[in-house]
>>> print(open('run-v5.csv').read())   # CSV, C-alpha atoms
chain,number,residue,atom,x,y,z
Q,1,TRP,CA,101.1,150.8,84.0
Q,2,SER,CA,99.5,147.7,85.3
Q,3,TRP,CA,98.4,146.3,88.6
Q,4,GLN,CA,97.4,143.0,90.2
Q,5,HIS,CA,96.3,141.7,93.6
Q,6,ALA,CA,99.0,140.0,95.6
Q,7,SER,CA,98.8,137.9,98.7
Q,8,ALA,CA,97.8,139.2,102.2
Q,9,GLY,CA,95.7,142.1,100.8
Q,10,ARG,CA,98.6,143.7,98.9
Q,11,LEU,CA,98.5,145.3,95.6
Q,12,THR,CA,101.4,145.2,93.1
Q,13,VAL,CA,101.7,148.1,90.7
Q,14,GLU,CA,104.2,148.2,87.8
Q,15,ILE,CA,104.9,151.6,86.3
Q,16,GLY,CA,106.8,151.8,83.0
Q,17,LYS,CA,109.2,154.7,82.6
Q,18,ALA,CA,109.0,157.1,79.7
Q,19,LYS,CA,112.6,156.5,78.9
Q,20,PRO,CA,115.2,154.2,80.5
Q,21,ALA,CA,117.1,156.0,83.2
Q,22,THR,CA,117.7,156.1,86.9
Q,23,TRP,CA,115.0,158.1,88.6
Q,24,PRO,CA,116.5,161.1,90.5
Q,25,ARG,CA,114.0,160.6,93.3
Q,26,LEU,CA,110.9,158.5,94.0
Q,27,VAL,CA,109.0,160.9,96.2
Q,28,ARG,CA,107.8,164.4,95.4
Q,29,SER,CA,109.4,166.1,98.4
Q,30,ALA,CA,113.1,166.9,98.4
Q,31,SER,CA,113.6,165.2,101.8
Q,32,ARG,CA,114.1,161.5,101.7
Q,33,PRO,CA,112.3,159.2,104.2
Q,34,ALA,CA,114.5,157.4,106.6
Q,35,ASN,CA,113.6,153.9,105.4
Q,36,LEU,CA,114.3,154.7,101.7
Q,37,GLY,CA,117.7,153.6,100.4
Q,38,ILE,CA,119.6,152.5,97.3
Q,39,TRP,CA,119.7,148.8,96.5
Q,40,ASP,CA,123.3,148.4,95.6
Q,41,ALA,CA,123.0,144.9,94.1
Q,42,MET,CA,120.2,146.1,91.7
Q,43,GLU,CA,122.1,149.3,90.8
Q,44,SER,CA,125.2,147.3,89.8
Q,45,LYS,CA,123.1,144.7,88.0
Q,46,TRP,CA,121.4,147.3,85.7
Q,47,GLN,CA,124.4,149.7,85.4
Q,48,SER,CA,125.7,148.3,82.1
Q,49,GLU,CA,122.2,148.2,80.6
Q,50,LEU,CA,121.6,151.9,81.6
Q,51,ARG,CA,124.9,152.8,80.0
Q,52,ASP,CA,123.9,151.0,76.8
Q,53,PHE,CA,120.6,152.9,76.8
Q,54,GLY,CA,122.5,156.2,77.2
Q,55,LYS,CA,124.7,155.4,74.2
Q,56,ALA,CA,121.7,154.4,72.1
Q,57,GLU,CA,119.9,157.6,73.1
Q,58,LYS,CA,122.9,159.7,72.0
Q,59,ARG,CA,123.0,157.8,68.7
Q,60,GLN,CA,119.3,158.4,68.1
Q,61,HIS,CA,119.8,162.1,69.0
Q,62,LYS,CA,122.7,162.3,66.5
Q,63,GLU,CA,120.6,160.6,63.8
Q,64,ALA,CA,117.7,162.9,64.4
Q,65,LYS,CA,119.9,165.9,63.9
Q,66,SER,CA,121.3,164.4,60.6
Q,67,GLY,CA,117.7,164.1,59.3
Q,68,LYS,CA,117.7,160.3,58.8
Q,69,PRO,CA,114.3,158.7,59.6
Q,70,ASP,CA,114.3,156.3,62.5
Q,71,PRO,CA,112.6,153.1,61.4
Q,72,GLU,CA,111.8,152.0,65.0
Q,73,ALA,CA,110.1,155.3,65.7
Q,74,ALA,CA,108.1,155.1,62.5
Q,75,GLU,CA,107.0,151.6,63.3
Q,76,ALA,CA,106.0,152.5,66.8
Q,77,GLU,CA,104.0,155.5,65.5
Q,78,ASP,CA,102.3,153.3,62.9
Q,79,GLU,CA,101.4,150.7,65.5
Q,80,ALA,CA,100.0,153.4,67.8
Q,81,LEU,CA,97.9,154.7,65.0
Q,82,HIS,CA,96.5,151.3,64.3
Q,83,ASP,CA,95.8,150.7,68.0
Q,84,ASP,CA,93.9,154.0,68.2
Q,85,PHE,CA,91.8,153.3,65.1
Q,86,SER,CA,91.1,149.7,66.1
Q,87,ARG,CA,89.5,150.8,69.4
Q,88,THR,CA,86.9,152.7,67.4
Q,89,CYS,CA,85.4,149.5,66.0
Q,90,PHE,CA,82.6,147.8,67.9
Q,91,ASN,CA,83.2,144.0,68.6
Q,92,ASN,CA,79.8,142.3,68.3
Q,93,ALA,CA,79.1,139.7,71.0
Q,94,THR,CA,77.5,137.4,68.4
Q,95,SER,CA,80.6,137.3,66.3
Q,96,PRO,CA,82.3,133.9,66.2
Q,97,PHE,CA,85.6,135.8,66.7
Q,98,PHE,CA,84.4,137.8,69.8
Q,99,LYS,CA,86.8,136.3,72.3
Q,100,ASN,CA,89.8,136.0,70.0
Q,101,ARG,CA,92.1,138.9,70.6
Q,102,GLN,CA,94.4,137.9,67.7
Q,103,ILE,CA,91.8,138.8,65.1
Q,104,ALA,CA,91.4,142.5,64.3
Q,105,VAL,CA,87.9,143.8,64.2
Q,106,LEU,CA,87.5,146.1,61.2
Q,107,CYS,CA,85.0,148.9,60.5
Q,108,ASP,CA,84.5,152.0,58.4
Q,109,THR,CA,86.9,154.0,60.5
Q,110,TYR,CA,89.6,151.3,60.7
Q,111,TRP,CA,90.2,149.6,57.4
Q,112,PRO,CA,93.9,148.8,57.3
Q,113,PRO,CA,94.2,147.9,53.6
Q,114,ARG,CA,93.5,151.6,53.0
Q,115,MET,CA,96.2,152.8,55.4
Q,116,THR,CA,99.8,153.2,54.5
Q,117,GLY,CA,102.7,151.6,56.4
Q,118,LYS,CA,103.9,148.2,57.5
Q,119,LEU,CA,100.6,147.3,59.2
Q,120,GLY,CA,98.5,148.7,56.4
Q,121,ARG,CA,98.9,148.2,52.6
Q,122,SER,CA,102.2,146.4,53.0
Q,123,THR,CA,100.6,143.5,54.9
Q,124,THR,CA,98.5,140.8,53.3
Q,125,TRP,CA,95.0,140.9,54.8
Q,126,LEU,CA,92.5,138.0,54.9
Q,127,VAL,CA,89.1,139.5,55.4
Q,128,LEU,CA,86.3,137.2,56.5
Q,129,PHE,CA,82.8,138.5,56.3
Q,130,TYR,CA,80.1,136.9,58.6
Q,131,SER,CA,76.5,137.5,59.1
>>> encode(input="run-v5.csv", output="C-alpha cells")
Amino acid sequence: WSWQHASAGRLTVEIGKAKPATWPRLVRSASRPANLGIWDAMESKWQSELRDFGKAEKRQHKEAKSGKPDPEAAEAEDEALHDDFSRTCFNNATSPFFKNRQIAVLCDTYWPPRMTGKLGRSTTWLVLFYS
C-alpha cells in the first residue's frame, strides 16, 4: 500500500488487492452506510478485465493441479527472495553509489552470483569494488 498527501489536508491511500476481484464489501459491518453505493460506470469499465482475471486464475489452478511449474510464480518468488536478502546489506553513505537505487548493494548475506535463478547465476554481474 502507499499513501500521499493531497490538497486541502486530505490524504490519498492506495491499497493493492491480494488478487484481482470485486470486493464483496468495503466495511467490516454487514450493514451498508447510506452514502455507499456502486459506481456503475467503473463496474462496467472493469468488468471485462475482471472476467479475464477469472479465466487466468482458473487456468493457473488447472496448471497447478497438473503439476506444471508456473514460470511467473517462480520469477516472483525469486524476485522476492532477492529483495529480502538485498535489504540485509548496509548502504554506506560514503559510497559513490549511495543515492543510486538502480545499483544493488552486495554483502556477505546477499551475493547474487552464488544464488540460483534468473536474478542470480543466470545474470551477468559487473561487480565494482571501492574503498
>>> residues_around(input="run-v5.csv", residues="region 57-61 of chain Q", least_positions_apart="4", cutoff="12 Å", atoms="only C-alpha atoms", output="PyMOL selection string")
chain Q and resi 19-21+50-53+65-73
>>> atom_distance(input="run-v5.csv", atom1="CA of Glu77 (chain Q)", atom2="CA of Leu128 (chain Q)")
27.0 Å
>>> atom_distance(input="run-v5.csv", atom1="CA of Arg101 (chain Q)", atom2="CA of Arg87 (chain Q)")
12.2 Å
>>> residues_around(input="run-v5.csv", residues="Cys89 (chain Q)", least_positions_apart="5", cutoff="9 Å", atoms="all atoms listed in the file", output="list in words")
Val105, Leu106, Cys107, Asp108, Thr109 and Tyr110 of chain Q
>>> atom_distance(input="run-v5.csv", atom1="CA of Ala80 (chain Q)", atom2="CA of Trp111 (chain Q)")
14.8 Å
>>> closest_residue(input="run-v5.csv", among="Q:Ser31, Q:Thr22, Q:Thr124, Q:Gln102", to="Gln47 (chain Q)", atoms="only C-alpha atoms")
Q:Thr22
>>> residues_around(input="run-v5.csv", residues="Leu36 (chain Q)", least_positions_apart="5", cutoff="12 Å", atoms="only C-alpha atoms", output="ChimeraX atom specification")
/Q:25-27,31
>>> closest_residue(input="run-v5.csv", among="Q:Glu79, Q:Trp125, Q:Leu11, Q:Ile38", to="Pro24 (chain Q)", atoms="only C-alpha atoms")
Q:Ile38
>>> closest_residue(input="run-v5.csv", among="Q:Trp1, Q:Phe97, Q:Gly37, Q:Asn91", to="Lys17 (chain Q)", atoms="only C-alpha atoms")
Q:Trp1
>>> closest_residue(input="run-v5.csv", among="Q:Glu43, Q:Ala8, Q:Lys99, Q:His82", to="Pro113 (chain Q)", atoms="all atoms listed in the file")
Q:His82
>>> closest_residue(input="run-v5.csv", among="Q:Arg28, Q:Gly9, Q:Asp78, Q:Asp83", to="Lys118 (chain Q)", atoms="all atoms listed in the file")
Q:Asp78
>>> closest_residue(input="run-v5.csv", among="Q:Ile103, Q:Ala34, Q:Ala64, Q:Met115", to="Leu81 (chain Q)", atoms="only C-alpha atoms")
Q:Met115
